[in-house]
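Asker: Contents are compact mmCIF, C-alpha atoms and all ligand atoms; file name work_21.txt:
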# COMPACT_ATOMS: atom_id res chain seq x y z
CA MET A 29 0.00 0.00 0.00
CA THR A 30 1.06 3.57 -0.62
CA ALA A 31 -1.45 5.88 0.94
CA GLN A 32 -2.54 9.06 -0.76
CA VAL A 33 -2.43 11.98 1.69
CA ILE A 34 -5.38 14.36 1.25
CA THR A 35 -5.78 17.63 3.16
CA ILE A 36 -9.14 19.34 3.56
CA THR A 37 -8.79 23.08 4.11
CA SER A 38 -10.81 26.28 3.56
CA GLY A 39 -9.38 29.55 4.84
CA LYS A 40 -12.64 30.60 6.49
CA GLY A 41 -13.80 28.78 9.60
CA GLY A 42 -16.99 26.82 10.00
CA VAL A 43 -17.59 25.99 6.33
CA GLY A 44 -17.60 22.19 6.84
CA LYS A 45 -14.01 20.88 6.79
CA THR A 46 -14.41 18.59 9.78
CA THR A 47 -17.79 17.39 8.52
CA ALA A 48 -16.21 16.63 5.14
CA VAL A 49 -13.26 14.72 6.65
CA ALA A 50 -15.49 12.55 8.86
CA ASN A 51 -17.90 11.80 6.04
CA LEU A 52 -15.35 11.18 3.30
CA ALA A 53 -13.26 8.95 5.55
CA THR A 54 -16.32 6.95 6.57
CA ALA A 55 -17.50 6.57 2.98
CA ILE A 56 -14.06 5.48 1.80
CA ALA A 57 -13.80 3.00 4.70
CA ALA A 58 -17.25 1.68 3.78
CA ASP A 59 -15.83 0.98 0.31
CA GLY A 60 -13.34 -1.35 1.99
CA LYS A 61 -10.27 0.88 2.13
CA LYS A 62 -7.99 1.56 5.05
CA VAL A 63 -8.22 5.20 6.10
CA VAL A 64 -6.38 7.19 8.77
CA CYS A 65 -7.77 10.62 9.71
CA ILE A 66 -5.57 13.21 11.37
CA ASP A 67 -7.08 16.10 13.30
CA GLY A 68 -4.79 19.03 12.49
CA ASP A 69 -6.71 21.53 14.58
CA ILE A 70 -4.41 21.64 17.63
CA GLY A 71 -6.12 23.26 20.63
CA LEU A 72 -9.58 23.05 19.00
CA ARG A 73 -10.00 19.31 18.67
CA ASN A 74 -13.30 18.42 17.01
CA LEU A 75 -12.95 15.55 14.60
CA ASP A 76 -13.18 13.10 17.55
CA VAL A 77 -16.70 14.25 18.50
CA VAL A 78 -17.93 14.43 14.91
CA MET A 79 -16.76 10.82 14.47
CA GLY A 80 -18.15 9.80 17.87
CA LEU A 81 -14.76 8.63 19.19
CA GLU A 82 -14.18 11.16 21.97
CA ASN A 83 -14.40 8.56 24.75
CA ARG A 84 -11.64 6.40 23.33
CA ILE A 85 -8.81 8.93 23.26
CA VAL A 86 -5.72 8.06 25.26
CA TYR A 87 -2.85 9.61 23.27
CA ASP A 88 -2.82 12.42 20.73
CA ILE A 89 -0.58 13.62 17.91
CA VAL A 90 1.63 15.73 20.19
CA ASP A 91 2.27 12.64 22.34
CA VAL A 92 3.53 10.93 19.18
CA ILE A 93 5.73 13.88 18.20
CA GLU A 94 7.19 14.23 21.67
CA GLY A 95 7.86 10.51 21.98
CA ARG A 96 5.40 9.66 24.75
CA CYS A 97 3.79 6.94 22.65
CA LYS A 98 4.14 5.02 19.41
CA LEU A 99 2.19 6.17 16.34
CA LYS A 100 0.02 3.01 16.51
CA GLN A 101 -0.96 3.79 20.10
CA ALA A 102 -2.40 7.17 19.07
CA MET A 103 -4.49 5.62 16.27
CA ILE A 104 -8.04 5.19 17.55
CA ARG A 105 -9.99 2.52 15.77
CA ASP A 106 -13.50 3.46 14.61
CA LYS A 107 -16.52 1.80 16.22
CA HIS A 108 -18.02 0.53 12.97
CA PHE A 109 -15.17 0.31 10.48
CA PRO A 110 -12.17 -1.61 11.82
CA GLU A 111 -10.05 -0.24 8.95
CA MET A 112 -10.67 3.42 9.87
CA TYR A 113 -8.58 5.26 12.43
CA LEU A 114 -8.35 8.71 13.99
CA ILE A 115 -5.20 10.40 15.24
CA PRO A 116 -6.62 13.10 17.52
CA ALA A 117 -5.31 16.63 17.96
CA ALA A 118 -3.93 17.72 21.31
CA GLN A 119 -6.48 19.82 23.15
CA THR A 120 -4.28 21.54 25.71
CA ARG A 121 -1.36 22.50 23.51
CA ASP A 122 -0.88 25.23 20.94
CA LYS A 123 -0.27 24.77 17.24
CA ASN A 124 3.47 25.38 17.62
CA ALA A 125 3.77 21.95 19.23
CA VAL A 126 3.60 20.55 15.68
CA SER A 127 5.85 21.46 12.73
CA PRO A 128 5.48 20.79 8.99
CA THR A 129 8.39 18.31 9.29
CA ASP A 130 6.54 16.41 12.04
CA MET A 131 3.50 16.09 9.77
CA ILE A 132 5.60 14.88 6.85
CA ARG A 133 7.30 12.27 9.05
CA ILE A 134 4.02 10.98 10.51
CA CYS A 135 2.38 10.78 7.08
CA ASN A 136 5.38 8.97 5.63
CA ASP A 137 5.13 6.41 8.44
CA LEU A 138 1.45 5.93 7.60
CA ARG A 139 1.92 5.69 3.84
CA SER A 140 3.02 2.05 3.81
CA ASP A 141 0.12 0.99 5.99
CA ALA A 142 -3.02 2.70 4.62
CA ASP A 143 -4.88 3.56 1.42
CA PHE A 144 -5.76 7.11 2.41
CA VAL A 145 -4.62 9.60 5.03
CA ILE A 146 -7.09 12.47 5.40
CA ILE A 147 -6.01 15.58 7.29
CA ASP A 148 -8.49 18.03 8.83
CA SER A 149 -6.91 21.48 8.55
CA PRO A 150 -7.71 24.29 10.97
CA ALA A 151 -9.20 27.51 9.59
CA GLY A 152 -6.83 30.31 8.64
CA ILE A 153 -3.58 30.44 6.72
CA GLU A 154 -1.09 30.24 9.56
CA ARG A 155 0.99 27.56 11.26
CA GLY A 156 -1.79 24.98 11.64
CA PHE A 157 -2.74 25.34 7.97
CA ARG A 158 0.93 25.10 6.91
CA ASN A 159 1.27 21.92 8.99
CA ALA A 160 -1.86 20.46 7.44
CA ILE A 161 -0.76 21.00 3.82
CA ALA A 162 2.92 20.08 4.32
CA ALA A 163 2.47 16.37 3.62
CA ALA A 164 -0.48 16.59 1.21
CA ASP A 165 -0.40 14.82 -2.13
CA ARG A 166 -3.71 16.45 -2.90
CA VAL A 167 -5.62 19.35 -1.37
CA ILE A 168 -9.38 19.76 -1.30
CA VAL A 169 -10.73 23.23 -0.56
CA VAL A 170 -14.17 23.48 1.06
CA THR A 171 -16.25 26.60 0.68
CA ASN A 172 -19.82 27.84 1.04
CA PRO A 173 -21.68 29.90 -1.57
CA GLU A 174 -21.07 33.17 0.31
CA VAL A 175 -18.89 36.17 -0.41
CA SER A 176 -16.50 35.86 2.55
CA ALA A 177 -16.10 32.08 2.25
CA VAL A 178 -15.33 32.28 -1.49
CA ARG A 179 -12.88 35.13 -0.93
CA ASP A 180 -10.98 33.17 1.72
CA ALA A 181 -11.01 30.05 -0.47
CA ASP A 182 -9.40 32.09 -3.23
CA ARG A 183 -6.63 33.22 -0.87
CA VAL A 184 -5.95 29.60 0.05
CA VAL A 185 -5.92 28.51 -3.59
CA GLY A 186 -3.41 31.31 -4.28
CA ILE A 187 -1.13 30.09 -1.50
CA LEU A 188 -1.40 26.50 -2.73
CA GLU A 189 -0.43 27.68 -6.21
CA ALA A 190 2.55 29.58 -4.83
CA GLU A 191 3.62 26.50 -2.83
CA GLU A 192 3.23 24.34 -5.94
CA LYS A 193 0.86 21.97 -4.20
CA GLY A 194 -0.84 20.93 -7.46
CA ASN A 195 -4.36 21.79 -8.54
CA PRO A 196 -6.71 21.82 -5.57
CA ALA A 197 -10.25 20.49 -5.99
CA LEU A 198 -13.34 22.22 -4.66
CA ILE A 199 -16.17 21.01 -2.44
CA LEU A 200 -19.03 23.48 -2.47
CA ASN A 201 -20.86 22.82 0.80
CA ARG A 202 -24.24 24.01 2.08
CA LEU A 203 -25.71 24.91 -1.28
CA ASN A 204 -29.37 25.84 -0.91
CA GLN A 205 -30.96 25.11 -4.25
CA ALA A 206 -34.16 27.04 -3.45
CA LEU A 207 -32.12 30.20 -2.82
CA VAL A 208 -30.09 29.63 -5.97
CA ARG A 209 -33.27 29.24 -8.00
CA ASN A 210 -34.45 32.53 -6.54
CA ASN A 211 -31.14 34.15 -7.47
CA ASP A 212 -30.42 34.85 -3.84
CA MET A 213 -27.42 32.55 -3.53
CA LEU A 214 -24.28 32.19 -5.63
CA SER A 215 -24.71 29.15 -7.88
CA ALA A 216 -22.13 26.41 -8.31
CA GLU A 217 -21.36 27.87 -11.75
CA ASP A 218 -20.72 31.30 -10.21
CA VAL A 219 -18.35 29.92 -7.58
CA LEU A 220 -16.45 27.77 -10.07
CA ASP A 221 -16.12 30.66 -12.48
CA LEU A 222 -14.81 32.93 -9.71
CA LEU A 223 -12.33 30.46 -8.22
CA GLY A 224 -11.21 28.86 -11.47
CA ILE A 225 -10.51 25.45 -9.94
CA GLN A 226 -11.82 21.97 -10.53
CA LEU A 227 -15.03 20.80 -8.82
CA ILE A 228 -15.06 17.51 -6.91
CA GLY A 229 -18.52 17.81 -5.41
CA ILE A 230 -21.50 19.87 -4.30
CA VAL A 231 -23.06 19.13 -0.91
CA PRO A 232 -26.52 20.54 -0.27
CA GLU A 233 -27.50 22.34 2.90
CA ASP A 234 -29.11 19.48 4.81
CA GLU A 235 -30.39 19.32 8.37
CA SER A 236 -29.49 15.64 8.55
CA VAL A 237 -25.85 16.80 8.85
CA ILE A 238 -26.65 18.52 12.13
CA ILE A 239 -28.69 15.58 13.41
CA ALA A 240 -25.85 13.22 12.54
CA SER A 241 -23.28 15.43 14.28
CA ASN A 242 -25.41 15.39 17.45
CA ARG A 243 -25.17 11.61 17.41
CA GLY A 244 -21.49 11.46 16.47
CA ALA A 245 -22.32 9.31 13.43
CA PRO A 246 -21.40 10.83 10.04
CA VAL A 247 -24.30 11.43 7.69
CA VAL A 248 -22.94 9.08 5.00
CA ASN A 249 -24.31 6.28 7.19
CA ASP A 250 -27.83 7.58 6.49
CA PRO A 251 -28.87 6.19 3.09
CA LYS A 252 -31.70 8.73 2.75
CA SER A 253 -29.65 11.87 3.40
CA ARG A 254 -28.92 13.99 0.32
CA ALA A 255 -25.75 15.37 1.89
CA GLY A 256 -24.75 11.78 2.67
CA GLN A 257 -25.25 10.82 -0.98
CA ALA A 258 -23.14 13.81 -2.08
CA PHE A 259 -20.31 12.79 0.28
CA ARG A 260 -20.49 9.17 -0.92
CA ASN A 261 -20.11 10.40 -4.50
CA ILE A 262 -17.13 12.61 -3.60
CA ALA A 263 -15.53 9.65 -1.82
CA ARG A 264 -15.83 7.61 -5.04
CA ARG A 265 -14.32 10.43 -7.09
CA ILE A 266 -11.40 10.58 -4.64
CA GLN A 267 -10.90 6.87 -5.28
CA GLY A 268 -10.65 7.62 -8.98
CA GLN A 269 -14.13 6.66 -10.13
CA ASP A 270 -16.02 8.73 -12.64
CA VAL A 271 -19.28 9.53 -10.83
CA PRO A 272 -21.77 11.84 -12.56
CA PHE A 273 -22.77 14.96 -10.61
CA ILE A 274 -26.17 14.84 -8.87
CA ASP A 275 -28.80 17.02 -10.45
CA LEU A 276 -29.80 19.21 -7.53
CA ASP A 277 -32.42 20.95 -9.60
CA GLN A 278 -34.08 18.95 -12.35
CA GLN A 279 -35.87 22.00 -13.78
CA SER A 280 -32.83 24.09 -14.57
CA GLY A 281 -30.14 23.80 -17.16
CA LEU A 282 -27.61 24.02 -14.36
CA TRP A 283 -26.76 20.35 -14.39
CA GLY A 284 -25.33 20.30 -17.88
CA ALA A 285 -23.31 23.42 -17.14
CA ILE A 286 -21.86 21.87 -14.00
CA GLN A 287 -20.95 18.65 -15.78
CA LYS A 288 -19.07 20.79 -18.28
CA LEU A 289 -17.35 22.88 -15.62
CA ALA A 290 -16.39 19.85 -13.60
CA GLY A 291 -14.62 18.34 -16.57
CA ARG A 292 -12.42 21.36 -17.08
CA LYS A 293 -8.94 21.44 -15.63
CA MET B 15 -36.48 47.78 -0.95
CA ASN B 16 -39.13 47.18 -3.59
CA PHE B 17 -39.46 43.51 -4.44
CA PHE B 18 -39.89 44.14 -8.16
CA THR B 19 -37.00 46.54 -8.66
CA ARG B 20 -34.63 44.80 -6.27
CA LYS B 21 -31.54 43.40 -7.89
CA ARG B 22 -31.20 39.78 -6.88
CA SER B 23 -28.54 39.38 -4.21
CA ALA B 24 -26.64 36.59 -5.98
CA GLU B 25 -25.74 39.11 -8.67
CA ASN B 26 -24.45 41.55 -6.03
CA ALA B 27 -22.39 38.79 -4.49
CA LYS B 28 -20.82 37.82 -7.81
CA GLU B 29 -20.00 41.37 -8.86
CA ARG B 30 -18.48 42.20 -5.48
CA LEU B 31 -16.43 39.02 -5.49
CA GLN B 32 -15.13 39.65 -9.00
CA LEU B 33 -13.69 42.97 -7.85
CA VAL B 34 -12.37 41.78 -4.50
CA LEU B 35 -10.65 38.73 -6.00
CA VAL B 36 -8.87 40.70 -8.71
CA HIS B 37 -7.42 43.07 -6.11
CA ASP B 38 -6.61 40.28 -3.63
CA ARG B 39 -4.81 38.26 -6.30
CA THR B 40 -2.76 41.14 -7.64
CA ASP B 41 -2.17 42.71 -4.23
CA LEU B 42 -3.08 46.01 -5.85
CA THR B 43 -5.54 48.38 -4.17
CA PRO B 44 -7.98 50.38 -6.30
CA ALA B 45 -5.98 53.53 -5.38
CA GLN B 46 -2.70 51.96 -6.54
CA LEU B 47 -4.38 50.92 -9.77
CA GLU B 48 -5.41 54.57 -10.34
CA SER B 49 -1.87 55.84 -9.87
CA LEU B 50 -0.55 53.06 -12.11
CA LYS B 51 -2.92 54.32 -14.82
CA ASP B 52 -1.70 57.91 -14.36
CA ASP B 53 1.95 56.84 -14.59
CA LEU B 54 1.21 54.79 -17.69
CA LEU B 55 -0.46 57.74 -19.41
CA ILE B 56 2.47 60.03 -18.61
CA ALA B 57 4.95 57.48 -19.99
CA ILE B 58 2.98 56.90 -23.19
CA SER B 59 2.39 60.63 -23.77
CA LYS B 60 6.14 61.14 -23.98
CA TYR B 61 6.13 59.25 -27.28
CA ILE B 62 2.70 59.58 -28.81
CA GLU B 63 -0.25 61.88 -28.56
CA ILE B 64 -3.22 60.30 -26.80
CA ASP B 65 -6.60 61.41 -25.61
CA PRO B 66 -6.52 60.76 -21.84
CA GLU B 67 -10.32 60.87 -21.68
CA ALA B 68 -10.70 57.99 -24.13
CA VAL B 69 -8.21 55.69 -22.41
CA GLN B 70 -9.50 52.55 -20.70
CA ILE B 71 -7.20 50.59 -18.41
CA GLY B 72 -8.35 47.86 -16.06
CA LEU B 73 -7.68 44.46 -14.55
CA GLU B 74 -9.41 41.49 -16.12
CA ARG B 75 -9.77 37.96 -14.85
CA ASP B 76 -9.13 34.92 -16.99
CA GLY B 77 -9.55 31.71 -15.03
CA ARG B 78 -6.95 31.96 -12.28
CA SER B 79 -4.81 34.57 -14.02
CA GLN B 80 -5.17 38.32 -14.15
CA ARG B 81 -4.28 40.66 -16.95
CA LEU B 82 -3.90 44.38 -17.17
CA VAL B 83 -5.85 45.40 -20.23
CA ALA B 84 -5.38 48.83 -21.80
CA ASP B 85 -7.29 50.33 -24.68
CA ILE B 86 -5.50 53.52 -25.70
CA PRO B 87 -6.86 55.26 -28.82
CA LEU B 88 -4.16 57.33 -30.57
CA ARG B 89 -4.65 60.80 -32.03
CA ASN B 90 -4.25 60.94 -35.77
CA VAL B 91 -0.62 61.86 -36.46
CA SER B 92 -0.53 62.02 -40.31
CA ARG B 93 -2.54 65.27 -40.38
CA ARG B 94 -0.09 66.96 -38.02
CA HIS B 95 2.86 65.97 -40.21
CA ALA B 96 1.08 67.06 -43.39
CA GLY B 97 0.56 70.56 -41.93
N1 LIG A 301 -24.11 20.48 4.31
C1 LIG A 301 -24.43 20.93 5.53
N2 LIG A 301 -25.71 21.16 5.88
C2 LIG A 301 -26.02 21.62 7.11
N3 LIG A 301 -25.14 21.88 8.09
C3 LIG A 301 -23.84 21.68 7.81
C4 LIG A 301 -23.40 21.20 6.53
N4 LIG A 301 -22.06 21.10 6.55
C5 LIG A 301 -21.66 21.51 7.77
N5 LIG A 301 -22.72 21.85 8.55
C6 LIG A 301 -22.68 22.34 9.93
O1 LIG A 301 -21.84 23.50 9.97
C7 LIG A 301 -21.13 23.57 11.18
C8 LIG A 301 -19.65 23.74 10.90
O2 LIG A 301 -19.15 22.56 10.30
P1 LIG A 301 -17.66 22.02 10.57
O3 LIG A 301 -17.38 21.95 12.02
O4 LIG A 301 -17.50 20.79 9.77
O5 LIG A 301 -16.84 23.21 9.93
P2 LIG A 301 -15.25 23.44 9.98
O6 LIG A 301 -14.90 24.04 8.67
O7 LIG A 301 -14.55 22.18 10.36
O8 LIG A 301 -15.13 24.51 11.16
P3 LIG A 301 -13.75 25.02 11.86
O9 LIG A 301 -13.15 26.00 10.90
O10 LIG A 301 -14.23 25.65 13.11
O11 LIG A 301 -12.89 23.81 12.07
C9 LIG A 301 -21.46 22.30 11.95
O12 LIG A 301 -22.43 22.59 12.90
C10 LIG A 301 -22.01 21.36 10.89
O13 LIG A 301 -22.92 20.44 11.41
MG MG A 302 -13.11 21.86 11.93
Here is the file; what I need is its structure written in the form of structure tokens.
Answerer:
Amino acid sequence: MTAQVITITSGKGGVGKTTAVANLATAIAADGKKVVCIDGDIGLRNLDVVMGLENRIVYDIVDVIEGRCKLKQAMIRDKHFPEMYLIPAAQTRDKNAVSPTDMIRICNDLRSDADFVIIDSPAGIERGFRNAIAAADRVIVVTNPEVSAVRDADRVVGILEAEEKGNPALILNRLNQALVRNNDMLSAEDVLDLLGIQLIGIVPEDESVIIASNRGAPVVNDPKSRAGQAFRNIARRIQGQDVPFIDLDQQSGLWGAIQKLAGRK
Amino acid sequence: MNFFTRKRSAENAKERLQLVLVHDRTDLTPAQLESLKDDLLIAISKYIEIDPEAVQIGLERDGRSQRLVADIPLRNVSRRHAG
């Protein structure tokens, strides 16, 4: 095995990075792959609660870096998927306890033993973000169809370009199709045109995401959830499958346009 | 705001973002862009006669790259030489 290391980042906070990591990891694990998630948000640990693993934490990533435990000891096995693990962030330390070199070393150790390593980046463009992208083979930028979120995503894409991190892919999260239809929300076409990057998926605004996060069980486990379906499709695309984009609005010509945009490099 | 005359907010969002992104990406404020235009006009006027009022200079977006586009109509020179 040679794991692909994928970092999920956004610039702006609260757009759905942690939600995306938990759901994509779960969907990829459900497809039979071995996945290790790393919570890169030192001091604001959250991926553990979204994945429902908060009661199992003994060691965290800073314990690994500072030699208090072996990497394997900090890998918490998921409750449902024995091939999915979480390496939690430290809650009582600051982001300077981790360096980009530490992240590269940990990811290299994981590469031979997993199919995917998925890193949850903190918001912002500082140390924690630099740590999160240091080891990435591929970066996925999450944004919402709002002015400030798109602006911050563009900043991040600019930094990734400058760092020669390859072409990032975009997840547009929390799209409200009724608002788009009413011309009161930026459409997927608008956002793709503004950012000029490749689309990997659109996730609708969906209350089942909030219900799932209350339970600590990612929404991909809910076969009826539209957001869950969107995350399952993105997970397949990450694994290299060619999955058509869901038509969020059958009445509009949007779908064809998005298919076209998604295909462009 | 009147419902019927109201411009839909998605359009506002897109227009505002187009401007903000161009300035963010080039690290050029609107004021700096103005003084760049003035300097350009001074430089060009040293060599050829132009009508400053007719000049159009602006930043345009093309995918992820930006370009500075200038449309500078020249005054007709042949007549001056003929006279
Ligand atoms: N598609 C969606 N529909 C509805 N709610 C959503 C959706 N995606 C995310 N949320 C909600 O938005 C909130 C923020 O999500 P999340 O914690 O994943 O963002 P984040 O980018 O990781 O935030 P931070 O920058 O603080 O780490 C959560 O309450 C989550 O349940
Ligand atoms: Mg988060």
Asker: What is the CA of Ser79 (chain B)-CA of Arg158 (chain A) distance in Å, reported with one decimal?
Answerer: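 A separation of 23.7 Å between them.
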Asker: Excluding Gln32 (chain A) and residues on its chain fewer than 2 positions from it, collect all residues at most 9 Å away from it, counting all atoms listed in the file, and give them as a list in words.
Answerer: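 Result of the neighbour search: Thr30, Ile34, Arg139, Ala142, Asp143, Phe144, Val145, Ile146, Ala164, Asp165 and Arg166 of chain A.
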Asker: Output the neighbourhood of ligand LIG 301 (chain A) as JSON, numbers by chain, that is, all protein and nucleic acid residues with some atom at most 10 Å from the ligand, counting all atoms listed in the file.
Answerer: {"A": [36, 37, 38, 39, 40, 41, 42, 43, 44, 45, 46, 47, 48, 49, 50, 51, 67, 68, 69, 72, 73, 74, 75, 78, 148, 149, 150, 151, 152, 170, 171, 172, 200, 201, 202, 203, 204, 230, 231, 232, 233, 234, 235, 236, 237, 238, 239, 240, 241, 242, 246, 247, 254, 255, 256, 258, 259]}
Asker: Determine, counting only C-alpha atoms, which protein, DNA and RNA residues have an atom within 9 Å of an atom of region 30-37 of chain B; residues of the same chain fewer than 4 positions away are not included. Present the result as a PyMOL selection string.
Answerer: (chain A and resi 175-176+178-179+182-183+222-223) or (chain B and resi 25-26+41-44+73-75+80)
Asker: Using Å and a single decimal, report how far CA of Thr40 (chain B) sits from CA of Asp85 (chain B).
Answerer: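 Spanning CA of Asp85 (chain B) to CA of Thr40 (chain B) is a straight-line distance of 19.9 Å.
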Asker: Distance cut-off 12 Å, counting all atoms listed in the file - which residues of chain A neighbour chain B? Return them as number ranges by chain.
Answerer: A: 173-187, 189-190, 195, 207-226, 289, 292-293
Asker: Report the distance between CA of Ala125 (chain A) and CA of Val77 (chain A) in Å, rounded to one decimal place.
Answerer: 21.9 Å
Asker: Which is closer to Leu227 (chain A) than all the others in A:Asn136, A:Val169, A:Gln205, A:Glu192, using all atoms listed in the file?
Answerer: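 Smallest distance to Leu227 (chain A) is found for A:Val169.
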Asker: Output region 142-150 of chain A with all heavy atoms present, as a PDB file, in the frame of the given file.
Answerer:
ATOM      1  N   ALA A 142      -1.640   2.239   4.806  1.00  0.00           N
ATOM      2  CA  ALA A 142      -3.020   2.700   4.620  1.00  0.00           C
ATOM      3  C   ALA A 142      -3.258   3.011   3.153  1.00  0.00           C
ATOM      4  O   ALA A 142      -2.312   3.104   2.367  1.00  0.00           O
ATOM      5  CB  ALA A 142      -3.278   3.959   5.459  1.00  0.00           C
ATOM      6  N   ASP A 143      -4.550   3.147   2.790  1.00  0.00           N
ATOM      7  CA  ASP A 143      -4.880   3.560   1.420  1.00  0.00           C
ATOM      8  C   ASP A 143      -5.012   5.082   1.334  1.00  0.00           C
ATOM      9  O   ASP A 143      -4.635   5.688   0.344  1.00  0.00           O
ATOM     10  CB  ASP A 143      -6.189   2.911   0.980  1.00  0.00           C
ATOM     11  CG  ASP A 143      -6.071   1.404   0.913  1.00  0.00           C
ATOM     12  OD1 ASP A 143      -5.256   0.921   0.109  1.00  0.00           O
ATOM     13  OD2 ASP A 143      -6.772   0.714   1.679  1.00  0.00           O
ATOM     14  N   PHE A 144      -5.592   5.660   2.390  1.00  0.00           N
ATOM     15  CA  PHE A 144      -5.760   7.110   2.410  1.00  0.00           C
ATOM     16  C   PHE A 144      -5.456   7.667   3.793  1.00  0.00           C
ATOM     17  O   PHE A 144      -5.830   7.067   4.804  1.00  0.00           O
ATOM     18  CB  PHE A 144      -7.194   7.517   2.034  1.00  0.00           C
ATOM     19  CG  PHE A 144      -7.516   7.269   0.588  1.00  0.00           C
ATOM     20  CD1 PHE A 144      -8.102   6.073   0.194  1.00  0.00           C
ATOM     21  CD2 PHE A 144      -7.224   8.229  -0.380  1.00  0.00           C
ATOM     22  CE1 PHE A 144      -8.383   5.829  -1.148  1.00  0.00           C
ATOM     23  CE2 PHE A 144      -7.502   7.992  -1.714  1.00  0.00           C
ATOM     24  CZ  PHE A 144      -8.079   6.790  -2.104  1.00  0.00           C
ATOM     25  N   VAL A 145      -4.777   8.816   3.805  1.00  0.00           N
ATOM     26  CA  VAL A 145      -4.620   9.600   5.030  1.00  0.00           C
ATOM     27  C   VAL A 145      -5.361  10.902   4.759  1.00  0.00           C
ATOM     28  O   VAL A 145      -5.098  11.564   3.749  1.00  0.00           O
ATOM     29  CB  VAL A 145      -3.134   9.876   5.341  1.00  0.00           C
ATOM     30  CG1 VAL A 145      -3.003  10.798   6.554  1.00  0.00           C
ATOM     31  CG2 VAL A 145      -2.375   8.571   5.573  1.00  0.00           C
ATOM     32  N   ILE A 146      -6.311  11.244   5.621  1.00  0.00           N
ATOM     33  CA  ILE A 146      -7.090  12.470   5.400  1.00  0.00           C
ATOM     34  C   ILE A 146      -6.862  13.421   6.564  1.00  0.00           C
ATOM     35  O   ILE A 146      -7.082  13.070   7.725  1.00  0.00           O
ATOM     36  CB  ILE A 146      -8.591  12.154   5.224  1.00  0.00           C
ATOM     37  CG1 ILE A 146      -8.770  11.095   4.121  1.00  0.00           C
ATOM     38  CG2 ILE A 146      -9.359  13.428   4.866  1.00  0.00           C
ATOM     39  CD1 ILE A 146     -10.209  10.767   3.809  1.00  0.00           C
ATOM     40  N   ILE A 147      -6.377  14.621   6.243  1.00  0.00           N
ATOM     41  CA  ILE A 147      -6.010  15.580   7.290  1.00  0.00           C
ATOM     42  C   ILE A 147      -7.034  16.703   7.359  1.00  0.00           C
ATOM     43  O   ILE A 147      -7.367  17.331   6.345  1.00  0.00           O
ATOM     44  CB  ILE A 147      -4.606  16.178   6.993  1.00  0.00           C
ATOM     45  CG1 ILE A 147      -3.562  15.056   6.910  1.00  0.00           C
ATOM     46  CG2 ILE A 147      -4.225  17.208   8.069  1.00  0.00           C
ATOM     47  CD1 ILE A 147      -2.184  15.525   6.456  1.00  0.00           C
ATOM     48  N   ASP A 148      -7.538  16.946   8.574  1.00  0.00           N
ATOM     49  CA  ASP A 148      -8.490  18.030   8.830  1.00  0.00           C
ATOM     50  C   ASP A 148      -7.697  19.275   9.203  1.00  0.00           C
ATOM     51  O   ASP A 148      -7.100  19.340  10.277  1.00  0.00           O
ATOM     52  CB  ASP A 148      -9.432  17.611   9.969  1.00  0.00           C
ATOM     53  CG  ASP A 148     -10.536  18.632  10.217  1.00  0.00           C
ATOM     54  OD1 ASP A 148     -10.714  19.552   9.393  1.00  0.00           O
ATOM     55  OD2 ASP A 148     -11.219  18.501  11.254  1.00  0.00           O
ATOM     56  N   SER A 149      -7.673  20.247   8.309  1.00  0.00           N
ATOM     57  CA  SER A 149      -6.910  21.480   8.550  1.00  0.00           C
ATOM     58  C   SER A 149      -7.702  22.431   9.449  1.00  0.00           C
ATOM     59  O   SER A 149      -8.923  22.464   9.386  1.00  0.00           O
ATOM     60  CB  SER A 149      -6.647  22.157   7.198  1.00  0.00           C
ATOM     61  OG  SER A 149      -6.295  23.505   7.349  1.00  0.00           O
ATOM     62  N   PRO A 150      -7.002  23.215  10.269  1.00  0.00           N
ATOM     63  CA  PRO A 150      -7.710  24.290  10.970  1.00  0.00           C
ATOM     64  C   PRO A 150      -8.025  25.419   9.993  1.00  0.00           C
ATOM     65  O   PRO A 150      -7.455  25.484   8.900  1.00  0.00           O
ATOM     66  CB  PRO A 150      -6.699  24.748  12.023  1.00  0.00           C
ATOM     67  CG  PRO A 150      -5.370  24.374  11.482  1.00  0.00           C
ATOM     68  CD  PRO A 150      -5.573  23.173  10.606  1.00  0.00           C
TER      69      PRO A 150
END
